[in-house]
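Content type compact mmCIF, C-alpha atoms, from the file run_23.txt:
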# COMPACT_ATOMS: atom_id res chain seq x y z
CA MET A 1 -20.24 8.02 18.43
CA ALA A 2 -18.56 6.93 15.19
CA ALA A 3 -14.89 7.78 14.74
CA SER A 4 -14.00 10.45 12.22
CA PRO A 5 -12.63 8.95 9.01
CA LEU A 6 -8.90 8.94 8.52
CA LEU A 7 -9.42 9.50 4.80
CA ARG A 8 -12.44 10.87 2.97
CA ILE A 9 -12.53 10.67 -0.81
CA THR A 10 -15.36 12.55 -2.52
CA ASN A 11 -16.26 12.45 -6.22
CA LEU A 12 -12.65 11.75 -7.21
CA GLN A 13 -12.01 11.86 -10.95
CA LYS A 14 -8.89 11.36 -13.02
CA SER A 15 -8.59 11.82 -16.77
CA TYR A 16 -5.31 11.29 -18.62
CA PRO A 17 -4.17 13.37 -21.61
CA ASN A 18 -4.88 10.43 -23.96
CA GLY A 19 -8.55 10.67 -23.04
CA VAL A 20 -8.70 7.70 -20.68
CA GLN A 21 -10.96 8.43 -17.71
CA ALA A 22 -9.46 6.24 -15.00
CA LEU A 23 -11.67 7.39 -12.12
CA LYS A 24 -15.26 8.55 -12.49
CA GLY A 25 -16.64 10.09 -9.32
CA VAL A 26 -15.21 7.71 -6.70
CA SER A 27 -16.36 8.39 -3.12
CA PHE A 28 -15.64 6.46 0.10
CA ASP A 29 -14.31 6.87 3.65
CA VAL A 30 -11.46 4.99 5.31
CA GLN A 31 -11.64 4.48 9.06
CA PRO A 32 -8.54 4.37 11.30
CA GLY A 33 -7.17 0.83 11.62
CA GLU A 34 -9.03 -0.62 8.64
CA PHE A 35 -7.59 -3.20 6.28
CA LEU A 36 -9.44 -2.00 3.21
CA VAL A 37 -9.00 -3.98 0.00
CA VAL A 38 -9.69 -2.61 -3.49
CA ILE A 39 -10.51 -5.15 -6.21
CA GLY A 40 -11.34 -5.03 -9.89
CA LEU A 41 -10.06 -5.98 -13.31
CA SER A 42 -6.80 -4.63 -14.66
CA GLY A 43 -7.55 -1.12 -15.92
CA SER A 44 -10.43 -0.60 -13.50
CA GLY A 45 -8.64 2.32 -11.78
CA LYS A 46 -7.18 0.59 -8.72
CA SER A 47 -3.61 1.80 -9.10
CA THR A 48 -4.69 5.30 -10.12
CA LEU A 49 -6.83 5.49 -6.99
CA LEU A 50 -4.01 4.57 -4.60
CA ARG A 51 -1.49 6.80 -6.37
CA SER A 52 -3.93 9.72 -6.22
CA LEU A 53 -4.09 9.50 -2.44
CA ASN A 54 -0.41 10.32 -1.93
CA HIS A 55 -0.13 12.41 -5.13
CA LEU A 56 2.02 10.21 -7.28
CA VAL A 57 -0.91 10.93 -9.63
CA GLU A 58 -2.74 14.25 -9.48
CA PRO A 59 -6.56 13.95 -9.52
CA SER A 60 -8.48 15.92 -12.13
CA SER A 61 -11.31 16.87 -9.75
CA GLY A 62 -12.98 15.87 -6.52
CA THR A 63 -11.57 16.10 -3.00
CA ILE A 64 -9.26 14.08 -0.75
CA GLU A 65 -9.29 14.77 2.98
CA PHE A 66 -6.74 13.33 5.40
CA LYS A 67 -7.66 13.63 9.09
CA GLY A 68 -10.12 16.37 8.19
CA ARG A 69 -7.62 18.37 6.14
CA ASP A 70 -8.12 18.97 2.43
CA ILE A 71 -5.06 17.57 0.66
CA THR A 72 -6.45 17.47 -2.88
CA HIS A 73 -3.94 19.90 -4.37
CA PRO A 74 -1.00 20.22 -1.95
CA ASP A 75 2.10 22.28 -2.53
CA ALA A 76 5.37 20.42 -3.16
CA ARG A 77 6.42 20.39 0.50
CA THR A 78 3.05 19.10 1.70
CA ALA A 79 3.02 16.43 -1.02
CA ARG A 80 6.41 15.13 0.20
CA GLU A 81 5.07 15.06 3.75
CA LEU A 82 1.99 13.14 2.65
CA ARG A 83 4.11 10.51 0.90
CA MET A 84 5.79 9.86 4.24
CA ARG A 85 2.52 9.61 6.15
CA MET A 86 0.96 7.46 3.41
CA ALA A 87 3.82 5.15 2.44
CA MET A 88 3.54 3.01 -0.66
CA ILE A 89 4.42 -0.62 -1.34
CA PHE A 90 4.58 -1.57 -5.00
CA GLN A 91 4.20 -4.76 -7.00
CA HIS A 92 7.91 -4.55 -7.86
CA PHE A 93 10.10 -4.28 -4.80
CA ASN A 94 12.45 -1.52 -6.07
CA LEU A 95 15.34 -2.57 -3.82
CA VAL A 96 18.99 -1.76 -4.51
CA GLY A 97 20.25 -5.27 -5.11
CA ARG A 98 23.92 -4.70 -4.30
CA HIS A 99 23.10 -3.10 -0.95
CA SER A 100 22.39 -5.01 2.22
CA VAL A 101 18.90 -5.71 3.47
CA LEU A 102 19.49 -3.30 6.37
CA SER A 103 20.67 -0.54 4.02
CA ASN A 104 17.56 -0.95 1.89
CA ALA A 105 15.33 -0.67 4.95
CA LEU A 106 17.20 2.44 6.08
CA MET A 107 16.35 4.14 2.80
CA GLY A 108 12.91 4.70 4.27
CA ALA A 109 14.57 7.19 6.65
CA LEU A 110 16.18 9.33 3.92
CA HIS A 111 13.64 12.11 4.34
CA ARG A 112 14.81 12.79 7.91
CA THR A 113 18.54 12.21 7.30
CA PRO A 114 20.87 15.02 6.16
CA ALA A 115 21.92 14.42 2.56
CA TRP A 116 25.66 14.29 3.33
CA ARG A 117 25.11 11.62 6.00
CA SER A 118 22.88 9.47 3.80
CA MET A 119 25.39 9.60 0.93
CA VAL A 120 27.99 7.87 3.08
CA GLY A 121 25.57 5.63 4.95
CA LEU A 122 25.76 7.51 8.25
CA PHE A 123 22.27 6.90 9.55
CA SER A 124 21.56 7.52 13.22
CA ASP A 125 21.85 4.70 15.75
CA GLU A 126 18.15 5.18 16.48
CA ASP A 127 17.24 4.63 12.82
CA ARG A 128 19.51 1.59 12.60
CA ARG A 129 17.80 0.07 15.66
CA LEU A 130 14.39 0.92 14.20
CA ALA A 131 15.26 -0.63 10.82
CA GLN A 132 16.40 -3.83 12.53
CA HIS A 133 13.21 -3.85 14.58
CA TYR A 134 11.02 -3.61 11.48
CA LEU A 135 13.04 -6.28 9.69
CA ASP A 136 12.49 -8.52 12.70
CA LEU A 137 8.78 -7.65 12.66
CA VAL A 138 8.42 -8.94 9.09
CA GLY A 139 10.53 -12.02 9.78
CA ILE A 140 13.62 -11.07 7.79
CA GLY A 141 15.88 -9.69 10.53
CA ALA A 142 18.38 -12.55 10.29
CA LYS A 143 19.13 -11.48 6.70
CA ALA A 144 19.99 -7.87 7.63
CA ARG A 145 23.63 -8.11 6.46
CA VAL A 146 23.13 -10.02 3.20
CA ARG A 147 22.71 -8.47 -0.24
CA ALA A 148 19.13 -7.76 -1.17
CA ASP A 149 19.48 -9.46 -4.54
CA SER A 150 20.24 -12.77 -2.82
CA LEU A 151 16.71 -12.93 -1.41
CA SER A 152 13.62 -14.56 -2.83
CA GLY A 153 10.79 -12.40 -4.16
CA GLY A 154 8.72 -12.81 -1.02
CA GLN A 155 11.67 -11.91 1.18
CA GLN A 156 12.38 -8.82 -0.92
CA GLN A 157 8.77 -7.67 -0.56
CA ARG A 158 9.09 -8.00 3.21
CA VAL A 159 12.17 -5.76 3.07
CA ALA A 160 10.08 -3.28 1.09
CA ILE A 161 7.46 -3.36 3.86
CA ALA A 162 10.16 -2.65 6.47
CA ARG A 163 11.46 0.22 4.32
CA ALA A 164 7.95 1.70 4.14
CA LEU A 165 7.56 1.40 7.92
CA MET A 166 10.76 3.42 8.37
CA GLN A 167 8.80 6.40 7.04
CA LYS A 168 6.65 6.13 10.22
CA PRO A 169 3.43 6.19 8.19
CA GLU A 170 -0.15 6.28 9.40
CA VAL A 171 -1.35 4.57 6.20
CA LEU A 172 0.23 1.90 3.99
CA LEU A 173 -0.88 1.92 0.36
CA ALA A 174 -0.10 -1.53 -1.07
CA ASP A 175 -0.46 -1.67 -4.86
CA GLU A 176 -0.73 -5.35 -5.87
CA PRO A 177 1.91 -6.36 -3.27
CA VAL A 178 1.74 -10.09 -4.11
CA ALA A 179 1.19 -9.93 -7.88
CA SER A 180 4.88 -10.73 -8.59
CA LEU A 181 5.02 -13.64 -6.14
CA ASP A 182 4.32 -17.32 -6.48
CA PRO A 183 1.14 -18.57 -4.76
CA ALA A 184 3.02 -20.26 -1.92
CA THR A 185 4.60 -16.93 -0.92
CA CYS A 186 1.49 -14.74 -1.16
CA HIS A 187 0.13 -15.67 2.25
CA THR A 188 3.47 -15.03 3.96
CA VAL A 189 3.57 -11.44 2.71
CA MET A 190 -0.13 -10.90 3.44
CA ASP A 191 0.32 -12.32 6.96
CA TYR A 192 2.98 -9.70 7.66
CA LEU A 193 0.81 -6.91 6.27
CA ARG A 194 -1.94 -8.05 8.64
CA LYS A 195 0.59 -8.05 11.47
CA VAL A 196 1.51 -4.45 10.65
CA ASN A 197 -2.19 -3.60 10.68
CA THR A 198 -3.05 -5.32 13.95
CA GLU A 199 0.13 -4.82 16.00
CA LEU A 200 1.14 -1.33 14.85
CA GLY A 201 -2.37 -0.06 14.18
CA ILE A 202 -1.42 1.18 10.72
CA THR A 203 -4.34 1.56 8.33
CA ILE A 204 -3.89 -0.40 5.11
CA LEU A 205 -5.37 0.12 1.65
CA CYS A 206 -4.43 -2.79 -0.55
CA ASN A 207 -5.13 -3.59 -4.19
CA LEU A 208 -5.61 -7.31 -4.79
CA HIS A 209 -6.78 -9.61 -7.57
CA PHE A 210 -7.62 -12.83 -5.74
CA LEU A 211 -10.86 -12.95 -3.76
CA SER A 212 -9.55 -15.81 -1.61
CA LEU A 213 -6.96 -13.36 -0.24
CA VAL A 214 -9.53 -10.59 0.05
CA ARG A 215 -11.83 -12.77 2.14
CA GLU A 216 -9.03 -13.83 4.46
CA TYR A 217 -7.33 -10.49 5.06
CA GLY A 218 -9.71 -7.64 4.28
CA SER A 219 -11.92 -6.04 6.90
CA ARG A 220 -13.82 -4.28 4.08
CA VAL A 221 -13.69 -4.29 0.31
CA ILE A 222 -14.59 -1.90 -2.47
CA ALA A 223 -14.77 -3.01 -6.10
CA LEU A 224 -13.99 -0.78 -9.05
CA LYS A 225 -15.21 -1.34 -12.58
CA ALA A 226 -14.30 1.08 -15.38
CA GLY A 227 -13.36 3.73 -12.82
CA GLU A 228 -16.53 3.51 -10.71
CA ILE A 229 -17.33 1.82 -7.41
CA VAL A 230 -19.75 -1.03 -8.03
CA PHE A 231 -19.53 -2.68 -4.60
CA SER A 232 -18.67 -1.65 -1.05
CA GLY A 233 -19.07 -3.92 1.93
CA SER A 234 -17.84 -7.04 3.66
CA PRO A 235 -15.72 -9.51 1.66
CA SER A 236 -18.14 -12.26 2.72
CA GLU A 237 -20.94 -10.53 0.79
CA ILE A 238 -19.26 -11.12 -2.59
CA ASP A 239 -21.16 -14.14 -3.85
CA ASP A 240 -21.16 -15.62 -7.36
CA ALA A 241 -23.55 -12.96 -8.64
CA TRP A 242 -21.40 -10.12 -7.36
CA PHE A 243 -18.28 -11.80 -8.71
CA ALA A 244 -19.83 -11.92 -12.18
CA ARG A 245 -20.91 -8.28 -11.95
CA ILE A 246 -17.41 -7.14 -10.91
CA TYR A 247 -15.34 -9.34 -13.19
CA GLY A 248 -17.76 -10.13 -16.01
CA GLU A 249 -19.87 -13.09 -17.04
CA GLY A 250 -17.76 -16.16 -17.66
CA ALA A 251 -14.93 -15.09 -15.34
CA ARG A 252 -13.74 -17.82 -13.00
CA GLU A 253 -12.46 -17.29 -9.49
CA MET A 254 -8.95 -18.56 -8.76
CA HIS A 255 -7.97 -19.48 -5.24
CA ILE A 256 -4.62 -18.89 -3.51
CA ARG A 257 -4.22 -21.53 -0.84
Conversion result in structure tokens:
Amino acid sequence: MAASPLLRITNLQKSYPNGVQALKGVSFDVQPGEFLVVIGLSGSGKSTLLRSLNHLVEPSSGTIEFKGRDITHPDARTARELRMRMAMIFQHFNLVGRHSVLSNALMGALHRTPAWRSMVGLFSDEDRRLAQHYLDLVGIGAKARVRADSLSGGQQQRVAIARALMQKPEVLLADEPVASLDPATCHTVMDYLRKVNTELGITILCNLHFLSLVREYGSRVIALKAGEIVFSGSPSEIDDAWFARIYGEGAREMHIR
């Protein structure tokens, strides 16, 4: 018997006030434990799709179900809860540079820390241990006491992953997590995302540009073009013909080694 989907997206549409229709009837399921990659040209709707799932962007129509519950139009409290359960990692790391690596990771626990305690850095011992554990998990634990702005881009993105894990999410939404990194660092960050997926069992939805990364890390891939799904399947099925259909005739694939 097939497992029930963790997420079910049905006929999702998003139109912006300027008339841009970013999503045009997008439908797909996400199974628990998947590493699902979304690909497509810039402007294809990838970021809008991920941001719609945890309501950083409000969809115009369609439905989003999380564990069988309709979350398409949540109230403010439910939306905050969903952003914890579906944590987001962005292209830009959004760390506080003058704070330590550990302090930045602890910011993922702000939602469960009384405001007066967080203002003076009085996080619980349990959260401090958990933050150190997640920093160790992503290979940056030895840097816990140094300033975040002293780290390389790849190291800062790993701190951002640890911060997201502090929210205790069931899903990680990674929006172009390696787009700001040099090629040599991309695999390091992607390796740790895979570790989070396999060792913690956290479902990952990840927007990526490079098919070489998609083929190595994705368990499944969907491709968006002009706000519509044009491909859904195994990364290995994307041959030259599919590449041309997704990215356009004359586009050339670049490899991250």
* Identify which of the residues A:Leu23, A:Cys206, A:Leu151, A:Val171 lies closest to Phe90 in chain A, counting all atoms listed in the file when measuring atom-to-atom distances. =>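 For Phe90 in chain A, the nearest of the candidates is A:Cys206.
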* If you measure from CA of Gly153 in chain A to CA of Val178 in chain A, what distance in Å do you get, rounded to one decimal? ->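 Between these atoms lies a distance of 9.3 Å.
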* **Within 7 Å of Met166 in chain A using all atoms listed in the file, minus same-chain residues under 2 positions, as a PyMOL selection string** => chain A and resi 106+108-109+131+162-164+168
* What does the distance from CA of Gly40 in chain A to CA of Gly25 in chain A come to in Å, to one decimal? ->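 Separation of CA of Gly40 in chain A and CA of Gly25 in chain A: 16.0 Å.
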* Separation of CA of Ser4 in chain A from CA of Val30 in chain A in Å ->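 Atom-to-atom, CA of Val30 in chain A to CA of Ser4 in chain A, that is 9.2 Å.
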* Would you list the contacts of Glu216 in chain A as a list of chain:residue names, taking every protein, DNA or RNA residue within 10 Å and counting only C-alpha atoms, but skipping same-chain residues closer than 5 positions in sequence? => A:His187, A:Met190, A:Asp191, A:Leu211, A:Pro235, A:Ser236
* Taking all atoms listed in the file into account, which of A:Gln156, A:Thr198, A:Gln21, A:Ser212 comes nearest Ser44 in chain A? ->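 Between A:Gln156, A:Thr198, A:Gln21, A:Ser212, the residue approaching Ser44 in chain A most closely is A:Gln21.
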* **Nearest residue to Thr188 in chain A from the set A:Ile140, A:Ile204, A:Leu49, A:Leu130 (distances using only C-alpha atoms)** => A:Ile140
* For each of A:Asp182, A:Glu170, A:Glu126, A:Glu34, take the minimum atom-to-atom distance to Ser234 in chain A, counting all atoms listed in the file, then give the residue where this is smallest. =>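 Nearest candidate to Ser234 in chain A out of A:Asp182, A:Glu170, A:Glu126, A:Glu34: A:Glu34.
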Give the padded box for range 189-207 of chain A as JSON: axis-aligned, covering all atoms listed in the file, 4 Å on each side, centre and edge lengths in Å to one decimal.
{"center_x": -0.9, "center_y": -5.4, "center_z": 5.9, "size_x": 16.9, "size_y": 21.9, "size_z": 28.2}
